[in-house]
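Visitor: Contents of target.cif (mmCIF, C-alpha atoms) are below:
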```cif
data_query
#
loop_
_atom_site.label_atom_id
_atom_site.label_comp_id
_atom_site.auth_asym_id
_atom_site.auth_seq_id
_atom_site.Cartn_x
_atom_site.Cartn_y
_atom_site.Cartn_z
CA MET A 23 31.14 11.95 -9.36
CA ARG A 24 32.77 9.15 -7.39
CA VAL A 25 30.53 7.58 -4.74
CA VAL A 26 31.35 5.18 -1.92
CA SER A 27 28.35 3.42 -0.39
CA LEU A 28 28.46 2.04 3.15
CA VAL A 29 24.89 0.70 2.90
CA PRO A 30 23.94 -2.38 0.84
CA SER A 31 20.47 -1.01 0.04
CA LEU A 32 21.88 2.26 -1.25
CA THR A 33 24.57 0.41 -3.19
CA GLU A 34 21.85 -1.48 -5.05
CA ALA A 35 19.95 1.77 -5.66
CA ILE A 36 22.98 3.47 -7.22
CA ALA A 37 23.96 0.37 -9.18
CA ALA A 38 20.47 0.15 -10.68
CA THR A 39 20.53 3.82 -11.64
CA ASP A 40 24.11 4.73 -12.53
CA PRO A 41 26.62 1.97 -11.67
CA GLY A 42 29.57 3.92 -13.07
CA ARG A 43 29.45 6.26 -10.08
CA LEU A 44 30.29 3.54 -7.52
CA ALA A 45 33.95 3.70 -6.52
CA GLY A 46 33.67 1.63 -3.34
CA VAL A 47 31.16 -0.61 -1.53
CA THR A 48 31.10 -2.76 1.59
CA ASP A 49 31.70 -6.49 1.84
CA TRP A 50 27.97 -6.88 2.56
CA CYS A 51 26.90 -5.24 -0.71
CA THR A 52 25.70 -8.34 -2.55
CA HIS A 53 23.30 -6.86 -5.13
CA PRO A 54 23.76 -6.72 -7.99
CA ALA A 55 26.02 -9.74 -8.16
CA ASP A 56 28.35 -8.22 -10.74
CA LEU A 57 29.58 -5.28 -8.66
CA THR A 58 33.15 -4.38 -9.58
CA ALA A 59 33.70 -1.46 -7.18
CA ALA A 60 36.47 -1.69 -4.59
CA ARG A 61 35.57 -3.38 -1.29
CA ILE A 62 36.25 -1.28 1.77
CA GLY A 63 35.24 -3.56 4.69
CA GLY A 64 32.00 -4.05 6.57
CA THR A 65 29.17 -1.69 7.35
CA LYS A 66 30.15 -1.58 11.03
CA ASN A 67 33.90 -1.66 10.47
CA PRO A 68 34.79 0.06 7.19
CA ASP A 69 38.42 0.76 6.43
CA VAL A 70 38.29 4.55 6.64
CA ALA A 71 41.75 4.92 5.13
CA ALA A 72 40.69 2.78 2.16
CA VAL A 73 37.58 4.92 1.67
CA LEU A 74 39.66 8.10 1.70
CA ALA A 75 42.17 6.57 -0.73
CA LEU A 76 39.36 6.23 -3.27
CA ARG A 77 38.94 10.03 -3.15
CA PRO A 78 35.14 9.94 -3.22
CA ASP A 79 33.06 13.02 -3.88
CA LEU A 80 30.32 11.57 -1.69
CA VAL A 81 29.99 8.78 0.86
CA LEU A 82 26.53 7.32 1.51
CA ALA A 83 25.72 6.15 5.02
CA ASN A 84 22.78 5.38 7.28
CA GLU A 85 22.24 6.37 10.90
CA GLU A 86 21.37 2.82 11.89
CA GLU A 87 23.63 0.83 9.59
CA ASN A 88 26.88 2.72 10.19
CA ARG A 89 28.79 3.91 13.24
CA ALA A 90 28.85 7.58 14.19
CA ALA A 91 32.62 7.37 14.80
CA ASP A 92 33.33 6.28 11.21
CA ILE A 93 31.07 8.97 9.79
CA ALA A 94 32.81 11.58 11.95
CA ALA A 95 36.26 10.38 10.85
CA LEU A 96 35.32 10.73 7.19
CA ARG A 97 33.91 14.19 7.70
CA THR A 98 36.96 15.30 9.69
CA ALA A 99 39.10 14.23 6.73
CA GLY A 100 37.08 16.57 4.53
CA THR A 101 34.84 14.01 2.84
CA GLU A 102 31.17 14.78 2.26
CA VAL A 103 28.93 12.16 3.90
CA LEU A 104 25.20 11.94 3.29
CA VAL A 105 23.55 10.14 6.21
CA THR A 106 20.08 8.72 5.64
CA GLU A 107 17.42 8.00 8.25
CA ILE A 108 14.86 5.41 7.13
CA ARG A 109 12.22 4.09 9.51
CA THR A 110 9.12 3.96 7.31
CA LEU A 111 8.32 3.11 3.70
CA ASP A 112 7.43 6.72 2.92
CA GLY A 113 10.71 7.78 4.52
CA ALA A 114 12.55 5.31 2.32
CA PHE A 115 11.03 6.74 -0.84
CA ALA A 116 11.93 10.29 0.22
CA GLU A 117 15.48 9.40 1.20
CA LEU A 118 16.11 7.40 -1.96
CA ALA A 119 15.08 10.40 -4.05
CA ARG A 120 17.40 12.62 -1.97
CA VAL A 121 20.34 10.23 -2.36
CA LEU A 122 19.93 9.92 -6.11
CA ALA A 123 19.60 13.68 -6.49
CA ALA A 124 22.80 14.14 -4.48
CA CYS A 125 24.48 11.76 -6.93
CA GLY A 126 23.35 13.93 -9.82
CA ARG A 127 20.62 11.61 -11.04
CA SER A 128 16.99 12.32 -11.84
CA ARG A 129 14.25 10.15 -10.42
CA PRO A 130 14.58 6.61 -11.88
CA ARG A 131 11.70 4.53 -13.21
CA TRP A 132 12.23 1.78 -10.62
CA LEU A 133 11.44 4.22 -7.82
CA ASP A 134 8.11 5.10 -9.44
CA GLU A 135 7.42 1.38 -9.92
CA ALA A 136 8.17 0.70 -6.26
CA GLU A 137 5.79 3.40 -5.07
CA ALA A 138 3.10 2.13 -7.42
CA ALA A 139 3.54 -1.48 -6.24
CA TRP A 140 3.00 -0.54 -2.61
CA ALA A 141 0.15 1.85 -3.39
CA ALA A 142 -1.65 -0.96 -5.23
CA LEU A 143 -1.75 -3.22 -2.18
CA PRO A 144 -5.31 -4.16 -1.23
CA SER A 145 -6.46 -3.18 2.22
CA PRO A 146 -5.54 -5.99 4.59
CA SER A 147 -8.34 -8.02 6.12
CA ALA A 148 -8.20 -9.02 9.77
CA PRO A 149 -4.67 -8.23 10.95
CA ARG A 150 -2.39 -10.98 12.21
CA ARG A 151 -0.16 -10.41 15.22
CA ALA A 152 3.44 -11.46 14.87
CA VAL A 153 6.68 -11.82 16.76
CA VAL A 154 9.52 -10.79 14.43
CA PRO A 155 12.96 -12.00 15.56
CA VAL A 156 16.05 -10.57 13.88
CA TRP A 157 18.65 -12.41 15.99
CA ARG A 158 19.06 -15.31 18.36
CA ARG A 159 21.65 -16.01 21.06
CA PRO A 160 20.37 -13.68 22.44
CA TRP A 161 16.88 -13.35 21.00
CA MET A 162 16.26 -9.88 19.55
CA VAL A 163 13.08 -8.74 17.82
CA LEU A 164 11.67 -5.80 15.94
CA GLY A 165 10.47 -3.17 18.37
CA ARG A 166 9.18 0.33 17.75
CA ASP A 167 9.75 2.59 14.79
CA THR A 168 11.37 0.22 12.26
CA PHE A 169 11.26 0.11 8.47
CA ALA A 170 10.54 -3.64 8.44
CA GLY A 171 7.74 -3.17 10.96
CA ASP A 172 6.12 -0.55 8.76
CA LEU A 173 6.26 -2.87 5.74
CA LEU A 174 4.65 -5.69 7.70
CA ALA A 175 1.90 -3.38 8.96
CA ARG A 176 1.04 -2.48 5.36
CA LEU A 177 0.71 -6.21 4.68
CA GLY A 178 -1.72 -6.73 7.56
CA VAL A 179 0.80 -8.00 10.12
CA GLU A 180 0.95 -6.22 13.46
CA ASN A 181 4.23 -6.40 15.34
CA VAL A 182 3.37 -7.37 18.92
CA HIS A 183 6.41 -5.41 20.16
CA ALA A 184 5.75 -2.27 18.12
CA ASP A 185 5.18 -0.26 21.31
CA HIS A 186 8.36 -1.42 23.02
CA ALA A 187 10.62 1.35 24.30
CA GLU A 188 13.54 -0.02 22.27
CA ARG A 189 13.79 -0.47 18.52
CA TYR A 190 15.46 -3.88 18.73
CA PRO A 191 14.81 -5.21 22.21
CA ARG A 192 16.32 -8.36 23.67
CA ILE A 193 13.47 -10.50 24.99
CA PRO A 194 13.72 -13.99 26.53
CA LEU A 195 12.28 -16.78 24.41
CA ASP A 196 9.64 -17.75 26.97
CA GLU A 197 8.30 -14.18 26.88
CA LEU A 198 8.24 -14.21 23.08
CA ASN A 199 6.17 -17.38 23.10
CA ALA A 200 3.77 -15.84 25.62
CA ALA A 201 3.31 -12.57 23.70
CA GLY A 202 -0.08 -13.52 22.24
CA ALA A 203 1.09 -13.68 18.60
CA ASP A 204 -0.64 -15.49 15.74
CA LEU A 205 2.59 -16.24 13.91
CA VAL A 206 6.34 -15.71 13.93
CA VAL A 207 8.03 -13.96 11.01
CA LEU A 208 11.61 -15.13 10.44
CA PRO A 209 13.75 -13.22 7.92
CA ASP A 210 17.04 -14.65 6.67
CA GLU A 211 19.00 -11.55 7.65
CA PRO A 212 20.61 -10.16 9.69
CA TYR A 213 20.39 -13.59 11.35
CA ARG A 214 19.93 -16.36 8.81
CA PHE A 215 16.79 -18.10 10.05
CA THR A 216 15.93 -21.24 8.09
CA ALA A 217 13.32 -24.00 8.19
CA THR A 218 15.56 -25.90 10.64
CA ASP A 219 16.88 -22.95 12.62
CA GLY A 220 14.18 -20.80 14.19
CA PRO A 221 10.70 -22.30 13.81
CA GLU A 222 11.42 -25.02 16.39
CA ALA A 223 11.72 -22.29 19.05
CA PHE A 224 8.06 -21.34 18.50
CA PRO A 225 6.26 -24.71 18.48
CA ALA A 226 2.78 -23.22 18.91
CA LEU A 227 3.09 -20.66 16.09
CA PRO A 228 3.12 -21.00 12.30
CA ALA A 229 6.39 -19.62 10.95
CA ALA A 230 6.69 -17.34 7.92
CA LEU A 231 10.19 -17.62 6.49
CA VAL A 232 10.82 -14.47 4.45
CA ASP A 233 13.63 -13.14 2.31
CA GLY A 234 15.29 -10.49 4.44
CA ARG A 235 16.26 -8.42 1.42
CA TYR A 236 12.59 -7.79 0.64
CA LEU A 237 11.76 -7.02 4.26
CA THR A 238 14.71 -4.85 5.31
CA TRP A 239 16.28 -3.38 2.15
CA TYR A 240 15.14 -0.07 0.69
CA GLY A 241 15.96 0.23 -2.99
CA PRO A 242 15.03 -1.56 -6.22
CA SER A 243 13.98 -4.60 -4.17
CA LEU A 244 10.94 -2.58 -3.09
CA VAL A 245 9.41 -3.12 -6.54
CA ARG A 246 8.92 -6.85 -5.93
CA ALA A 247 8.74 -6.77 -2.13
CA PRO A 248 4.92 -6.51 -1.79
CA ALA A 249 4.31 -9.58 -3.96
CA VAL A 250 7.15 -11.64 -2.48
CA LEU A 251 6.24 -10.90 1.13
CA ARG A 252 2.49 -11.40 0.57
CA ALA A 253 3.17 -14.78 -1.01
CA ALA A 254 5.27 -15.89 1.96
CA LEU A 255 2.59 -14.79 4.42
CA ARG A 256 -0.17 -16.48 2.40
CA ARG A 257 1.76 -19.76 2.37
CA THR A 258 1.99 -19.57 6.14
CA ALA A 259 -1.73 -18.89 6.49
CA ARG A 260 -2.61 -21.86 4.27
CA ALA A 261 -0.23 -24.14 6.13
CA ALA A 262 -1.65 -23.06 9.48
CA SER A 263 -5.26 -23.61 8.41
CA GLY A 264 -4.39 -26.96 6.86
CA SER A 265 -2.85 -28.19 10.09
CA ARG A 266 -6.03 -27.71 12.09
CA PRO A 267 -8.19 -30.81 12.48
CA PRO A 268 -11.79 -30.55 11.25
CA PRO A 269 -14.34 -29.74 13.95
CA THR A 270 -15.88 -32.75 15.65
CA ARG A 271 -19.64 -33.08 15.12
CA SER A 272 -22.09 -35.43 16.68
CA PRO A 273 -23.79 -38.17 14.60
CA ALA A 274 -27.00 -36.17 14.75
CA ALA A 275 -25.30 -33.10 13.35
CA ARG A 276 -23.68 -35.11 10.55
CA THR A 277 -27.11 -36.37 9.44
CA GLY A 278 -28.68 -32.94 9.66
CA ARG A 279 -30.83 -33.73 12.75
CA ARG A 280 -31.00 -31.29 15.59
CA THR A 281 -30.90 -32.50 19.15
CA ALA A 282 -32.94 -30.86 21.91
CA ARG A 283 -31.16 -29.77 25.05
#
```
Here is the file; what I need is its structure written in the form of structure tokens.
Guide:
Amino acid sequence: MRVVSLVPSLTEAIAATDPGRLAGVTDWCTHPADLTAARIGGTKNPDVAAVLALRPDLVLANEEENRAADIAALRTAGTEVLVTEIRTLDGAFAELARVLAACGRSRPRWLDEAEAAWAALPSPSAPRRAVVPVWRRPWMVLGRDTFAGDLLARLGVENVHADHAERYPRIPLDELNAAGADLVVLPDEPYRFTATDGPEAFPALPAALVDGRYLTWYGPSLVRAPAVLRAALRRTARAASGSRPPPTRSPAARTGRRTAR
């Protein structure tokens, strides 16, 4: 079977399971680093003619990642396209199993390891409320019904815009800073937020800089994602607590004496 993947996450999943099946991948498919499959353009602008020239038995796509027009063009040309819909962690596990089965593969060990890693997470303590930008100029954030939002919720981070009518709403920066969040979570994709590009826009909030692959990709990265994301959030919590000055106490309190009032 010859497979063309239009989704970086699914490319990594196939490459980790049966790399010989990959005939074509997008320019954004960066994992694993040694991919040798033909490049067929971007996720939003694939070269449909180049995909068809590879004569794939199956094209893998995603309803959010890829355009409906490109999927329709491939199907009109007689190519089978499997379109995934992934908005939760459980949905990711189910869709990954479906994709691999469609590629003629049995369930791989890494998928079991990923499920086990997330199932082993301890129950979060007091939840933290976060603003989660995914773009700037204009500012866009995670809204309702997103895969990344579900992962954060399992790690004890509530998305303050989880009830927004849109999945990726555009919200002015002053409104984001007034949203009542405890922290801002800044992934390095799709927009590449860094220590010098992003945190300065939220001066009152501690910033958690996270690897976007572990927050937004569904595939073998899910095995390490719980540990990597928890570590990033813990670093932010420690930095925030360390920046607070110690409480001021009166001389009487410091010596253990109580004062009457």
Visitor: At what distance in Å, to one decimal, does atom CA of Ala152 of chain A lie from atom CA of Ala226 of chain A?
Guide: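 Spanning atom CA of Ala226 of chain A to atom CA of Ala152 of chain A is a straight-line distance of 12.5 Å.
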Visitor: Ranking A:Ile62, A:Ala75, A:Leu177, A:Val163 by minimum distance to Leu198 of chain A and counting all atoms listed in the file, which one comes first?
Guide: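 The shortest atom-to-atom distance to Leu198 of chain A comes from A:Val163.
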Visitor: For Ser31 of chain A, which residue out of A:Leu237, A:Ala139, A:Leu164, A:Ala45 is the nearest one, using only C-alpha atoms?
Guide: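 The answer is A:Leu237, which sits nearest to Ser31 of chain A.
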Visitor: Could you tell me, as a VMD selection string, exactly which residues end up selected when the PyMOL selection byres ((chain A and resi 37) around 12) is applied to this structure?
Guide: chain A and resid 25 to 27 30 to 36 38 to 47 51 to 59 122 125 127 130 132 241 to 242
Visitor: Can you spit out the residues from that selection as a PDB file, in the coordinates of the input, using C-alpha atoms?
Guide:
```
ATOM      1  CA  VAL A  25      30.530   7.580  -4.740  1.00  0.00           C
ATOM      2  CA  VAL A  26      31.350   5.180  -1.920  1.00  0.00           C
ATOM      3  CA  SER A  27      28.350   3.420  -0.390  1.00  0.00           C
ATOM      4  CA  PRO A  30      23.940  -2.380   0.840  1.00  0.00           C
ATOM      5  CA  SER A  31      20.470  -1.010   0.040  1.00  0.00           C
ATOM      6  CA  LEU A  32      21.880   2.260  -1.250  1.00  0.00           C
ATOM      7  CA  THR A  33      24.570   0.410  -3.190  1.00  0.00           C
ATOM      8  CA  GLU A  34      21.850  -1.480  -5.050  1.00  0.00           C
ATOM      9  CA  ALA A  35      19.950   1.770  -5.660  1.00  0.00           C
ATOM     10  CA  ILE A  36      22.980   3.470  -7.220  1.00  0.00           C
ATOM     11  CA  ALA A  38      20.470   0.150 -10.680  1.00  0.00           C
ATOM     12  CA  THR A  39      20.530   3.820 -11.640  1.00  0.00           C
ATOM     13  CA  ASP A  40      24.110   4.730 -12.530  1.00  0.00           C
ATOM     14  CA  PRO A  41      26.620   1.970 -11.670  1.00  0.00           C
ATOM     15  CA  GLY A  42      29.570   3.920 -13.070  1.00  0.00           C
ATOM     16  CA  ARG A  43      29.450   6.260 -10.080  1.00  0.00           C
ATOM     17  CA  LEU A  44      30.290   3.540  -7.520  1.00  0.00           C
ATOM     18  CA  ALA A  45      33.950   3.700  -6.520  1.00  0.00           C
ATOM     19  CA  GLY A  46      33.670   1.630  -3.340  1.00  0.00           C
ATOM     20  CA  VAL A  47      31.160  -0.610  -1.530  1.00  0.00           C
ATOM     21  CA  CYS A  51      26.900  -5.240  -0.710  1.00  0.00           C
ATOM     22  CA  THR A  52      25.700  -8.340  -2.550  1.00  0.00           C
ATOM     23  CA  HIS A  53      23.300  -6.860  -5.130  1.00  0.00           C
ATOM     24  CA  PRO A  54      23.760  -6.720  -7.990  1.00  0.00           C
ATOM     25  CA  ALA A  55      26.020  -9.740  -8.160  1.00  0.00           C
ATOM     26  CA  ASP A  56      28.350  -8.220 -10.740  1.00  0.00           C
ATOM     27  CA  LEU A  57      29.580  -5.280  -8.660  1.00  0.00           C
ATOM     28  CA  THR A  58      33.150  -4.380  -9.580  1.00  0.00           C
ATOM     29  CA  ALA A  59      33.700  -1.460  -7.180  1.00  0.00           C
ATOM     30  CA  LEU A 122      19.930   9.920  -6.110  1.00  0.00           C
ATOM     31  CA  CYS A 125      24.480  11.760  -6.930  1.00  0.00           C
ATOM     32  CA  ARG A 127      20.620  11.610 -11.040  1.00  0.00           C
ATOM     33  CA  PRO A 130      14.580   6.610 -11.880  1.00  0.00           C
ATOM     34  CA  TRP A 132      12.230   1.780 -10.620  1.00  0.00           C
ATOM     35  CA  GLY A 241      15.960   0.230  -2.990  1.00  0.00           C
ATOM     36  CA  PRO A 242      15.030  -1.560  -6.220  1.00  0.00           C
TER      37      PRO A 242
END
```
Visitor: Within 9 Å of (11.1, -21.1, 23.5) in the file's own coordinates, which protein, DNA or RNA residues have an atom, counting only C-alpha atoms? List them as a PyMOL selection string.
Guide: chain A and resi 194-199+222-225
Visitor: Quick check on the file I pasted: which residues fall under the PyMOL selection byres ((chain A and resi 148) around 12)? Write them as a count of residues only.
Guide: 12
Visitor: Skip segment 85-90 of chain A itself and residues of its chain fewer than 2 positions away, then list as number ranges by chain all residues within 6 Å of it, counting all atoms listed in the file.
Guide: A: 65-66, 92-93, 107
Visitor: Would you mind reading off the distance between atom CA of Val103 of chain A and atom CA of Pro78 of chain A, one decimal, in Å?
Guide: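 Atom CA of Pro78 of chain A lies at a distance of 9.7 Å from atom CA of Val103 of chain A.
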Visitor: Using only C-alpha atoms, find the one residue out of A:Asp69, A:Asp134, A:Asp167, A:Asp79 that sits nearest to Arg109 of chain A.
Guide: A:Asp167
Visitor: Between atom CA of Gly171 of chain A and atom CA of Thr110 of chain A, measure the distance and give it in Å to one decimal.
Guide: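 Calculated distance between atom CA of Gly171 of chain A and atom CA of Thr110 of chain A is 8.1 Å.
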Visitor: For Val121 of chain A, please output as a list in words all residues within 9 Å (counting all atoms listed in the file; exclusion window: fewer than 2 positions along the same chain).
Guide: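 Once the adjacent positions are removed, what remains is Leu32, Ile36, Leu82, Leu104, Thr106, Ala116, Glu117, Leu118, Ala119, Ala123, Ala124, Cys125, Gly126 and Arg127 of chain A.
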Visitor: Please write the residues from the selection above to a file, keeping C-alpha atoms, as a PDB file, in the coordinates of the input.
Guide:
```pdb
ATOM      1  CA  LEU A  32      21.880   2.260  -1.250  1.00  0.00           C
ATOM      2  CA  ILE A  36      22.980   3.470  -7.220  1.00  0.00           C
ATOM      3  CA  LEU A  82      26.530   7.320   1.510  1.00  0.00           C
ATOM      4  CA  LEU A 104      25.200  11.940   3.290  1.00  0.00           C
ATOM      5  CA  THR A 106      20.080   8.720   5.640  1.00  0.00           C
ATOM      6  CA  ALA A 116      11.930  10.290   0.220  1.00  0.00           C
ATOM      7  CA  GLU A 117      15.480   9.400   1.200  1.00  0.00           C
ATOM      8  CA  LEU A 118      16.110   7.400  -1.960  1.00  0.00           C
ATOM      9  CA  ALA A 119      15.080  10.400  -4.050  1.00  0.00           C
ATOM     10  CA  ALA A 123      19.600  13.680  -6.490  1.00  0.00           C
ATOM     11  CA  ALA A 124      22.800  14.140  -4.480  1.00  0.00           C
ATOM     12  CA  CYS A 125      24.480  11.760  -6.930  1.00  0.00           C
ATOM     13  CA  GLY A 126      23.350  13.930  -9.820  1.00  0.00           C
ATOM     14  CA  ARG A 127      20.620  11.610 -11.040  1.00  0.00           C
TER      15      ARG A 127
END
```
Visitor: Between A:Leu80, A:Leu173, A:Val182, A:Ala72, which has the minimum distance to Ala201 of chain A (counting only C-alpha atoms)?
Guide: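 Among the listed residues, the smallest separation from Ala201 of chain A belongs to A:Val182.
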Visitor: Run the PyMOL selection byres ((chain A and resi 231) around 10) against the file shown and list the residues it catches, as a ChimeraX atom specification.
Guide: /A:206-210,215-217,220-221,228-230,232-234,251,254-255,257-258
Visitor: Would you mind exporting C-alpha atoms of the selected residues as a PDB file, in the coordinates of the input?
Guide:
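Heads up, here's the output in selection-v4.pdb:
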```pdb
ATOM      1  CA  VAL A 206       6.340 -15.710  13.930  1.00  0.00           C
ATOM      2  CA  VAL A 207       8.030 -13.960  11.010  1.00  0.00           C
ATOM      3  CA  LEU A 208      11.610 -15.130  10.440  1.00  0.00           C
ATOM      4  CA  PRO A 209      13.750 -13.220   7.920  1.00  0.00           C
ATOM      5  CA  ASP A 210      17.040 -14.650   6.670  1.00  0.00           C
ATOM      6  CA  PHE A 215      16.790 -18.100  10.050  1.00  0.00           C
ATOM      7  CA  THR A 216      15.930 -21.240   8.090  1.00  0.00           C
ATOM      8  CA  ALA A 217      13.320 -24.000   8.190  1.00  0.00           C
ATOM      9  CA  GLY A 220      14.180 -20.800  14.190  1.00  0.00           C
ATOM     10  CA  PRO A 221      10.700 -22.300  13.810  1.00  0.00           C
ATOM     11  CA  PRO A 228       3.120 -21.000  12.300  1.00  0.00           C
ATOM     12  CA  ALA A 229       6.390 -19.620  10.950  1.00  0.00           C
ATOM     13  CA  ALA A 230       6.690 -17.340   7.920  1.00  0.00           C
ATOM     14  CA  VAL A 232      10.820 -14.470   4.450  1.00  0.00           C
ATOM     15  CA  ASP A 233      13.630 -13.140   2.310  1.00  0.00           C
ATOM     16  CA  GLY A 234      15.290 -10.490   4.440  1.00  0.00           C
ATOM     17  CA  LEU A 251       6.240 -10.900   1.130  1.00  0.00           C
ATOM     18  CA  ALA A 254       5.270 -15.890   1.960  1.00  0.00           C
ATOM     19  CA  LEU A 255       2.590 -14.790   4.420  1.00  0.00           C
ATOM     20  CA  ARG A 257       1.760 -19.760   2.370  1.00  0.00           C
ATOM     21  CA  THR A 258       1.990 -19.570   6.140  1.00  0.00           C
TER      22      THR A 258
END
```
Visitor: All heavy atoms are what I want for segment 100-107 of chain A; can you complete it accordingly and write them as a PDB file, keeping the file's coordinate frame?
Guide:
```pdb
ATOM      1  N   GLY A 100      37.513  15.692   5.605  1.00  0.00           N
ATOM      2  CA  GLY A 100      37.080  16.570   4.530  1.00  0.00           C
ATOM      3  C   GLY A 100      36.180  15.922   3.496  1.00  0.00           C
ATOM      4  O   GLY A 100      35.910  16.521   2.449  1.00  0.00           O
ATOM      5  N   THR A 101      35.694  14.711   3.787  1.00  0.00           N
ATOM      6  CA  THR A 101      34.840  14.010   2.840  1.00  0.00           C
ATOM      7  C   THR A 101      33.370  14.303   3.133  1.00  0.00           C
ATOM      8  O   THR A 101      32.942  14.284   4.286  1.00  0.00           O
ATOM      9  CB  THR A 101      35.073  12.487   2.931  1.00  0.00           C
ATOM     10  OG1 THR A 101      36.443  12.218   2.638  1.00  0.00           O
ATOM     11  CG2 THR A 101      34.189  11.736   1.949  1.00  0.00           C
ATOM     12  N   GLU A 102      32.613  14.554   2.087  1.00  0.00           N
ATOM     13  CA  GLU A 102      31.170  14.780   2.260  1.00  0.00           C
ATOM     14  C   GLU A 102      30.469  13.449   2.507  1.00  0.00           C
ATOM     15  O   GLU A 102      30.657  12.494   1.744  1.00  0.00           O
ATOM     16  CB  GLU A 102      30.577  15.466   1.041  1.00  0.00           C
ATOM     17  CG  GLU A 102      29.091  15.775   1.202  1.00  0.00           C
ATOM     18  CD  GLU A 102      28.498  16.490  -0.010  1.00  0.00           C
ATOM     19  OE1 GLU A 102      29.260  16.848  -0.926  1.00  0.00           O
ATOM     20  OE2 GLU A 102      27.267  16.680  -0.019  1.00  0.00           O
ATOM     21  N   VAL A 103      29.673  13.379   3.565  1.00  0.00           N
ATOM     22  CA  VAL A 103      28.930  12.160   3.900  1.00  0.00           C
ATOM     23  C   VAL A 103      27.455  12.500   3.983  1.00  0.00           C
ATOM     24  O   VAL A 103      27.060  13.404   4.727  1.00  0.00           O
ATOM     25  CB  VAL A 103      29.401  11.553   5.248  1.00  0.00           C
ATOM     26  CG1 VAL A 103      28.659  10.238   5.516  1.00  0.00           C
ATOM     27  CG2 VAL A 103      30.903  11.320   5.249  1.00  0.00           C
ATOM     28  N   LEU A 104      26.652  11.787   3.225  1.00  0.00           N
ATOM     29  CA  LEU A 104      25.200  11.940   3.290  1.00  0.00           C
ATOM     30  C   LEU A 104      24.665  10.799   4.151  1.00  0.00           C
ATOM     31  O   LEU A 104      24.822   9.624   3.802  1.00  0.00           O
ATOM     32  CB  LEU A 104      24.588  11.891   1.891  1.00  0.00           C
ATOM     33  CG  LEU A 104      23.097  12.226   1.746  1.00  0.00           C
ATOM     34  CD1 LEU A 104      22.772  12.639   0.315  1.00  0.00           C
ATOM     35  CD2 LEU A 104      22.202  11.068   2.147  1.00  0.00           C
ATOM     36  N   VAL A 105      24.059  11.140   5.276  1.00  0.00           N
ATOM     37  CA  VAL A 105      23.550  10.140   6.210  1.00  0.00           C
ATOM     38  C   VAL A 105      22.030  10.076   6.094  1.00  0.00           C
ATOM     39  O   VAL A 105      21.338  11.084   6.294  1.00  0.00           O
ATOM     40  CB  VAL A 105      23.948  10.468   7.662  1.00  0.00           C
ATOM     41  CG1 VAL A 105      23.422   9.383   8.610  1.00  0.00           C
ATOM     42  CG2 VAL A 105      25.463  10.582   7.780  1.00  0.00           C
ATOM     43  N   THR A 106      21.514   8.899   5.767  1.00  0.00           N
ATOM     44  CA  THR A 106      20.080   8.720   5.640  1.00  0.00           C
ATOM     45  C   THR A 106      19.476   8.237   6.946  1.00  0.00           C
ATOM     46  O   THR A 106      20.151   7.612   7.774  1.00  0.00           O
ATOM     47  CB  THR A 106      19.754   7.696   4.531  1.00  0.00           C
ATOM     48  OG1 THR A 106      20.398   6.455   4.836  1.00  0.00           O
ATOM     49  CG2 THR A 106      20.235   8.194   3.186  1.00  0.00           C
ATOM     50  N   GLU A 107      18.202   8.517   7.113  1.00  0.00           N
ATOM     51  CA  GLU A 107      17.420   8.000   8.250  1.00  0.00           C
ATOM     52  C   GLU A 107      16.139   7.421   7.668  1.00  0.00           C
ATOM     53  O   GLU A 107      15.307   8.160   7.133  1.00  0.00           O
ATOM     54  CB  GLU A 107      17.100   9.094   9.257  1.00  0.00           C
ATOM     55  CG  GLU A 107      16.279   8.589  10.447  1.00  0.00           C
ATOM     56  CD  GLU A 107      15.975   9.687  11.456  1.00  0.00           C
ATOM     57  OE1 GLU A 107      16.899  10.455  11.792  1.00  0.00           O
ATOM     58  OE2 GLU A 107      14.804   9.776  11.881  1.00  0.00           O
TER      59      GLU A 107
END
```
